[in-house]
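Input: a single structure, listed below in structure tokens.
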Amino acid sequence: MQAAFYFNPSRCTACYACVVACCDLHDIKDGEKPFRRIITREEGRYPDVRVSHTSISCNHCDEPACAANCPVQAITKRAADGIVVVDASLCLGRETCGRCADVCPYGAPQFSGAFPHPMQKCDFCVDRFSRGEKPVCVEACPMRALDVTDAAGEDSRKRGCHIDV
């Protein structure tokens, strides 16, 4: 299995419920970058304009560049479900290393203000997921724009961090 997020932008209203739920569960303070964020795009020219929203976080990549570039193997990919996790006790932090943040194309690695500033990121609410529950961002979405899928499964419509347009 490869756990992944499925996102349908036609359903997203940018209510930020997914972001707020994630920040609340992970105790992310004001001023710290959240693990999940909303990107809003405005396209076109009046009177033919469009606005779209995308909810993004760590994509739990098949071959995570963050893990491959971590010199102390603090970032690993779980074999059972493909979730990329961080062992904060091994992380060298941004001041000493920060390679994970430098190579991640999605901006997922975050560094807290607490010494020694270990890397944090979306962990697919791994504790909840291990109990058969969905990540809190998915459960918080009132429009059901977010869901969980198996990127390694046969349903090609829901592959990877697929964005349905």
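Ligands are numbered from 1 in the order shown, chains are lettered A, B, ... in the order of the structure tokens, and residues start at 1 in each chain.
Those residues that approach range 129-140 of chain A to within 6 Å, counting only C-alpha atoms, are Ala17, Cys18, Ala21, Cys22, Phe124, Cys125, Leu146 and Asp147 of chain A; same-chain residues fewer than 4 positions away are not listed.
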All strand (DSSP E) residues (DSSP, backbone) inside chain A, as a count of residues only: 38
- line: Atom pair CA of Val86 in chain A + CA of Tyr106 in chain A, distance 16.2 Å
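Ranking A:Tyr46, A:Ile56, A:Leu25, A:Lys77 by their shortest atom-to-atom distance to Asp127 in chain A, with only C-alpha atoms included, puts A:Leu25 first.
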message: For the helix (DSSP H, G or I) assignment from backbone DSSP, which residues of range 71-151 of chain A qualify? Please present them as number ranges by chain.
response: A: 99-103, 126-130, 136-140
- prompt: What lies within 12 Å of Val20 in chain A using only C-alpha atoms, ignoring chain neighbours under 6 positions off, as a ChimeraX atom specification?
  reply: /A:14,26-30,33-38,136-141
Near His117 in chain A, within 12 Å and counting only C-alpha atoms, which residues show up once chain neighbours fewer than 4 positions away are dropped, as a tab-separated table (two decimals) with N, CA, C and O atoms, in the first residue's frame?
chain	number	residue	atom	x	y	z
A	88	ALA	N	12.32	12.86	15.35
A	88	ALA	CA	12.84	14.16	15.79
A	88	ALA	C	14.07	14.02	16.68
A	88	ALA	O	14.91	14.92	16.73
A	89	SER	N	14.19	12.90	17.35
A	89	SER	CA	15.35	12.71	18.24
A	89	SER	C	16.65	12.53	17.45
A	89	SER	O	17.74	12.75	17.99
A	90	LEU	N	16.55	12.16	16.18
A	90	LEU	CA	17.74	12.00	15.34
A	90	LEU	C	18.04	13.23	14.49
A	90	LEU	O	19.18	13.43	14.08
A	91	CYS	N	17.03	14.04	14.24
A	91	CYS	CA	17.17	15.19	13.34
A	91	CYS	C	18.20	16.19	13.87
A	91	CYS	O	18.19	16.55	15.04
A	92	LEU	N	19.07	16.66	12.97
A	92	LEU	CA	20.10	17.64	13.33
A	92	LEU	C	19.57	19.07	13.38
A	92	LEU	O	20.21	19.95	13.93
A	93	GLY	N	18.43	19.31	12.76
A	93	GLY	CA	17.82	20.64	12.77
A	93	GLY	C	18.30	21.53	11.65
A	93	GLY	O	19.24	21.23	10.93
A	94	ARG	N	17.61	22.64	11.49
A	94	ARG	CA	17.87	23.58	10.41
A	94	ARG	C	19.24	24.23	10.52
A	94	ARG	O	19.93	24.42	9.53
A	95	GLU	N	19.67	24.58	11.73
A	95	GLU	CA	20.94	25.29	11.91
A	95	GLU	C	22.12	24.42	11.51
A	95	GLU	O	23.12	24.91	10.99
A	96	THR	N	22.03	23.11	11.75
A	96	THR	CA	23.12	22.19	11.46
A	96	THR	C	23.00	21.57	10.08
A	96	THR	O	24.00	21.33	9.42
A	97	CYS	N	21.79	21.33	9.63
A	97	CYS	CA	21.60	20.57	8.39
A	97	CYS	C	20.58	21.24	7.47
A	97	CYS	O	20.94	22.05	6.65
A	98	GLY	N	19.33	20.85	7.57
A	98	GLY	CA	18.27	21.42	6.74
A	98	GLY	C	18.24	20.93	5.31
A	98	GLY	O	17.54	21.49	4.47
A	109	PRO	N	8.94	20.04	4.65
A	109	PRO	CA	9.69	20.11	5.92
A	109	PRO	C	9.58	21.48	6.58
A	109	PRO	O	9.76	22.51	5.94
A	110	GLN	N	9.26	21.46	7.87
A	110	GLN	CA	9.12	22.68	8.66
A	110	GLN	C	10.03	22.55	9.87
A	110	GLN	O	10.26	21.45	10.35
A	111	PHE	N	10.49	23.68	10.37
A	111	PHE	CA	11.34	23.67	11.56
A	111	PHE	C	10.68	24.52	12.63
A	111	PHE	O	10.34	25.67	12.40
A	112	SER	N	10.50	23.93	13.81
A	112	SER	CA	9.84	24.62	14.91
A	112	SER	C	10.79	25.59	15.57
A	112	SER	O	11.98	25.60	15.30
A	113	GLY	N	10.26	26.38	16.48
A	113	GLY	CA	11.08	27.32	17.22
A	113	GLY	C	11.73	26.69	18.44
A	113	GLY	O	12.53	27.31	19.12
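When CA of Glu43 in chain A is paired with CA of Ser55 in chain A, their separation reads 17.4 Å.
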task: Provide the CA of Val51 in chain A to CA of Phe5 in chain A distance in Å, to one decimal place.
output: 21.8 Å
Distance criterion (only C-alpha atoms): nearest to Ile75 in chain A out of A:Ser52, A:Thr149, A:Asn59, A:Gln120: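 When distances to Ile75 in chain A are compared using only C-alpha atoms, the smallest one comes from A:Gln120.
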message: Nearest residue to Arg99 in chain A out of A:Asn69, A:Thr40, A:Ser57, A:Gln2, using only C-alpha atoms?
response: A:Asn69
